[in-house]
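Here the structure is laid out as structure tokens; the discussion comes afterwards.
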Amino acid sequence: MDEALRVGVVGAGPWAHRVHAPGLYAHPATRLAAVWARRPDAAKALAEPHDAAVVDSFDELLDSVDAVAFAVPPAVQAELAPVAARTGRHLVLEKPLAADPDGARAVVDAVEESGVAALLMLTRRFSPEVQDWLAGVRELGGWQGGTGRWLAGGLLAGDYAASQWRQERDGALIDAGPHAIDLLDAALGDIEQVRYAHRSDDDLWQVVFGHATGATSTLSLSLRVPVQPAVVEFAVYGEHGLAPLVGRRTAARECYAHMLDDLLAMIREGRSDHPCGVRRGLHLQQVLVQVRNAARAQP
């Protein structure tokens, strides 16, 4: 690619300010070209520090970019992403991919029909420490099970406490859940069964997964526990003992830069396959539904 990839951002919330806009602005092979958001003043506040234009409509955004990065609620992303894909725009997608599997499937269909490059921003999957851990775990094999704990207070206070879709749609499960489920699934094999799930009144989730490899994993998940810093711990165990995920936790902006590297390589090489592609998003969406249904089935 001889020229910088022109990327438009849809949405102007905290994550767009914290990661999308500065990440696109800092990367040497991308340019934040345009911003479109529901509130023009918010779009302007995001665009101006990064030398981007503010546009009045989604169609205008599509006319001025090569790719679109979404920072909007899942239902909105599921509505707009297929439109962008079918106009030939590459996609940076947030998790969850949609509000439900039907919406996720519509995104998958549009991406596969158009042949564009699309990546789901599963932040930690683009960090070196997670990639090294997964490579080691997969090389050894023989794991009987795993554990995950993702405990934080992000929905109690701060930038995301006012996020309506996070507060209304099972909170931690929809926000941090895709990240946590993805790590256990990537380490131990596809999750085929949700054997148990429980959600407490204060949004603490306890889940047991069955994997295609025969392994079993457990996950404790909440964004309403007042701990600082957040507790994010994963490990697998089996014939080789215990293999925890260790090392520094790479910052989100650095992970975003690695994700952009992968997206640019996909575009340059004309391929659409990637472990964090839209098919991954659909799989995680289906697991989320299973977890929710299992929890509702509890007496």
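A note on labels: chains of the structure tokens are A, B, ... as shown, every chain counts residues from 1, and ligands are counted from 1 in their shown order.
Backbone DSSP assigns alpha helix (DSSP H) in range 216-288 of chain A to Ala252, Arg253, Glu254, Cys255, Tyr256, Ala257, His258, Met259, Leu260, Asp261, Asp262, Leu263, Leu264, Ala265, Met266, Ile267, Arg268, Glu269, Val278, Arg279, Arg280, Gly281, Leu282, His283, Leu284, Gln285, Gln286, Val287 and Leu288 of chain A.
The list of residues with at least one atom within 10 Å of Leu46 in chain A, based on only C-alpha atoms and without residues fewer than 5 positions apart in the same chain, reads A:Val9, A:Gly11, A:Ala12, A:Gly13, A:Pro14, A:Ala16, A:His17, A:Arg18, A:His20, A:Ala21, A:Pro22, A:Ala34, A:Val35, A:Trp36, A:Ala37, A:Pro40, A:Asp41, A:Asp51, A:Ala52, A:Ala53, A:Val54.
Minimum distance to Val236 in chain A across A:Ala29, A:Val137, A:Leu282, A:Leu221 (counting only C-alpha atoms) occurs at A:Val137.
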### Message
Need to verify the contact set: Leu242 in chain A, 10 Å, only C-alpha atoms, exclusion of same-chain residues closer than 5 positions in sequence. Can you return it as an NGL selection string?
### Response
:A and (143 or 145-146 or 235-237)
May I have the residues from that selection written out with all heavy atoms, as a CSV table (one decimal), in the first residue's frame?
chain,number,residue,atom,x,y,z
A,143,TRP,N,-4.6,-30.4,27.9
A,143,TRP,CA,-5.2,-29.6,29.0
A,143,TRP,C,-6.6,-30.2,29.4
A,143,TRP,O,-7.4,-30.4,28.5
A,143,TRP,CB,-5.3,-28.2,28.6
A,143,TRP,CG,-4.0,-27.6,28.1
A,143,TRP,CD1,-3.6,-27.3,26.9
A,143,TRP,CD2,-2.8,-27.4,29.0
A,143,TRP,NE1,-2.3,-26.8,26.9
A,143,TRP,CE2,-1.8,-26.9,28.1
A,143,TRP,CE3,-2.6,-27.5,30.3
A,143,TRP,CZ2,-0.5,-26.5,28.6
A,143,TRP,CZ3,-1.3,-27.1,30.8
A,143,TRP,CH2,-0.3,-26.6,30.0
A,145,GLY,N,-8.5,-28.6,31.7
A,145,GLY,CA,-9.5,-27.5,32.1
A,145,GLY,C,-8.8,-26.1,32.2
A,145,GLY,O,-7.6,-26.0,31.9
A,146,GLY,N,-9.6,-25.1,32.5
A,146,GLY,CA,-9.0,-23.8,32.6
A,146,GLY,C,-9.9,-22.9,33.5
A,146,GLY,O,-11.1,-23.3,33.8
A,235,ALA,N,-5.8,-19.2,33.3
A,235,ALA,CA,-4.9,-20.3,33.3
A,235,ALA,C,-5.5,-21.5,32.8
A,235,ALA,O,-6.7,-21.7,32.8
A,235,ALA,CB,-4.4,-20.5,34.8
A,236,VAL,N,-4.7,-22.4,32.3
A,236,VAL,CA,-5.1,-23.8,31.9
A,236,VAL,C,-4.3,-24.8,32.8
A,236,VAL,O,-3.2,-24.5,33.2
A,236,VAL,CB,-5.0,-24.0,30.4
A,236,VAL,CG1,-5.9,-23.1,29.6
A,236,VAL,CG2,-3.5,-23.9,30.0
A,237,TYR,N,-4.9,-26.0,32.9
A,237,TYR,CA,-4.2,-27.0,33.7
A,237,TYR,C,-4.4,-28.4,33.1
A,237,TYR,O,-5.4,-28.6,32.4
A,237,TYR,CB,-4.6,-27.0,35.2
A,237,TYR,CG,-6.1,-27.0,35.4
A,237,TYR,CD1,-6.8,-28.2,35.4
A,237,TYR,CD2,-6.8,-25.8,35.5
A,237,TYR,CE1,-8.2,-28.2,35.5
A,237,TYR,CE2,-8.2,-25.8,35.7
A,237,TYR,CZ,-8.9,-27.1,35.7
A,237,TYR,OH,-10.2,-27.1,35.9
Mind checking which residues fall within 10 Å of Glu233 in chain A, counting only C-alpha atoms, ignoring those fewer than 2 positions away in the same chain, and posting them as a PDB file with N, CA and C atoms, in the first residue's frame?
ATOM      1  N   THR A 147      -9.376 -21.810  33.932  1.00  0.00           N
ATOM      2  CA  THR A 147     -10.118 -20.871  34.771  1.00  0.00           C
ATOM      3  C   THR A 147      -9.909 -19.455  34.259  1.00  0.00           C
ATOM      4  N   GLY A 148     -10.916 -18.629  34.454  1.00  0.00           N
ATOM      5  CA  GLY A 148     -10.809 -17.219  34.113  1.00  0.00           C
ATOM      6  C   GLY A 148     -11.506 -16.373  35.166  1.00  0.00           C
ATOM      7  N   ARG A 149     -10.881 -15.263  35.510  1.00  0.00           N
ATOM      8  CA  ARG A 149     -11.521 -14.267  36.388  1.00  0.00           C
ATOM      9  C   ARG A 149     -11.358 -12.900  35.743  1.00  0.00           C
ATOM     10  N   TRP A 150     -12.472 -12.217  35.523  1.00  0.00           N
ATOM     11  CA  TRP A 150     -12.446 -10.861  34.969  1.00  0.00           C
ATOM     12  C   TRP A 150     -13.338 -10.020  35.882  1.00  0.00           C
ATOM     13  N   LEU A 151     -12.716  -9.352  36.833  1.00  0.00           N
ATOM     14  CA  LEU A 151     -13.443  -8.613  37.856  1.00  0.00           C
ATOM     15  C   LEU A 151     -12.975  -7.163  37.852  1.00  0.00           C
ATOM     16  N   ALA A 180     -13.336 -12.472  27.625  1.00  0.00           N
ATOM     17  CA  ALA A 180     -13.029 -13.590  28.509  1.00  0.00           C
ATOM     18  C   ALA A 180     -13.354 -14.924  27.856  1.00  0.00           C
ATOM     19  N   LEU A 219     -15.575 -19.580  34.544  1.00  0.00           N
ATOM     20  CA  LEU A 219     -15.362 -18.144  34.405  1.00  0.00           C
ATOM     21  C   LEU A 219     -16.164 -17.396  35.458  1.00  0.00           C
ATOM     22  N   SER A 220     -15.486 -16.484  36.171  1.00  0.00           N
ATOM     23  CA  SER A 220     -16.138 -15.528  37.067  1.00  0.00           C
ATOM     24  C   SER A 220     -15.998 -14.157  36.428  1.00  0.00           C
ATOM     25  N   ALA A 230      -8.118  -3.728  37.914  1.00  0.00           N
ATOM     26  CA  ALA A 230      -8.997  -4.844  37.628  1.00  0.00           C
ATOM     27  C   ALA A 230      -8.245  -6.173  37.748  1.00  0.00           C
ATOM     28  N   VAL A 231      -8.976  -7.221  38.098  1.00  0.00           N
ATOM     29  CA  VAL A 231      -8.415  -8.567  38.172  1.00  0.00           C
ATOM     30  C   VAL A 231      -8.747  -9.279  36.864  1.00  0.00           C
ATOM     31  N   ALA A 235      -5.821 -19.170  33.255  1.00  0.00           N
ATOM     32  CA  ALA A 235      -4.860 -20.269  33.347  1.00  0.00           C
ATOM     33  C   ALA A 235      -5.514 -21.532  32.798  1.00  0.00           C
ATOM     34  N   PRO A 244      -0.404 -20.431  33.666  1.00  0.00           N
ATOM     35  CA  PRO A 244      -1.136 -19.168  33.785  1.00  0.00           C
ATOM     36  C   PRO A 244      -0.703 -18.168  32.713  1.00  0.00           C
ATOM     37  N   LEU A 245      -1.601 -17.265  32.412  1.00  0.00           N
ATOM     38  CA  LEU A 245      -1.271 -16.139  31.541  1.00  0.00           C
ATOM     39  C   LEU A 245      -0.559 -15.106  32.397  1.00  0.00           C
ATOM     40  N   VAL A 246       0.715 -14.871  32.091  1.00  0.00           N
ATOM     41  CA  VAL A 246       1.517 -13.967  32.910  1.00  0.00           C
ATOM     42  C   VAL A 246       2.173 -12.914  32.022  1.00  0.00           C
TER      43      VAL A 246
END
Shell of 9 Å around Val287 in chain A, only C-alpha atoms, local chain residues under 2 positions omitted, as a compact mmCIF listing (two decimals) with N, CA and C atoms, in the first residue's frame:
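And here's out-v3.txt as it stands now:
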# COMPACT_ATOMS: atom_id res chain seq x y z
N PRO A 178 -17.26 -11.19 25.92
CA PRO A 178 -16.63 -11.68 24.70
C PRO A 178 -15.11 -11.83 24.82
N ILE A 181 -14.52 -15.01 27.23
CA ILE A 181 -14.93 -16.25 26.56
C ILE A 181 -13.96 -16.57 25.43
N ILE A 191 -15.86 -23.74 22.47
CA ILE A 191 -16.88 -24.00 23.48
C ILE A 191 -18.11 -24.58 22.77
N GLU A 192 -18.49 -25.77 23.18
CA GLU A 192 -19.64 -26.44 22.58
C GLU A 192 -20.86 -26.44 23.49
N GLN A 193 -20.63 -26.23 24.78
CA GLN A 193 -21.74 -26.36 25.73
C GLN A 193 -21.53 -25.42 26.90
N VAL A 194 -22.61 -24.79 27.33
CA VAL A 194 -22.61 -24.04 28.58
C VAL A 194 -23.28 -24.95 29.61
N LEU A 282 -19.31 -14.18 15.31
CA LEU A 282 -20.56 -14.95 15.30
C LEU A 282 -20.51 -16.07 16.33
N HIS A 283 -19.39 -16.78 16.40
CA HIS A 283 -19.25 -17.86 17.38
C HIS A 283 -19.42 -17.32 18.80
N LEU A 284 -18.76 -16.23 19.11
CA LEU A 284 -18.87 -15.66 20.46
C LEU A 284 -20.29 -15.19 20.73
N GLN A 285 -20.96 -14.65 19.72
CA GLN A 285 -22.35 -14.22 19.90
C GLN A 285 -23.24 -15.40 20.27
N VAL A 289 -25.43 -16.10 23.92
CA VAL A 289 -26.84 -16.48 24.01
C VAL A 289 -26.99 -17.73 24.88
N GLN A 290 -26.11 -18.70 24.70
CA GLN A 290 -26.17 -19.92 25.51
C GLN A 290 -25.99 -19.62 26.99
N VAL A 291 -25.05 -18.71 27.29
CA VAL A 291 -24.81 -18.34 28.69
C VAL A 291 -26.06 -17.67 29.27
N ARG A 292 -26.61 -16.74 28.54
CA ARG A 292 -27.80 -16.03 29.02
C ARG A 292 -28.97 -16.99 29.23
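Closest approach to Met266 in chain A among A:Arg6, A:Arg124, A:His179, A:His90: A:His90, based on only C-alpha atoms.
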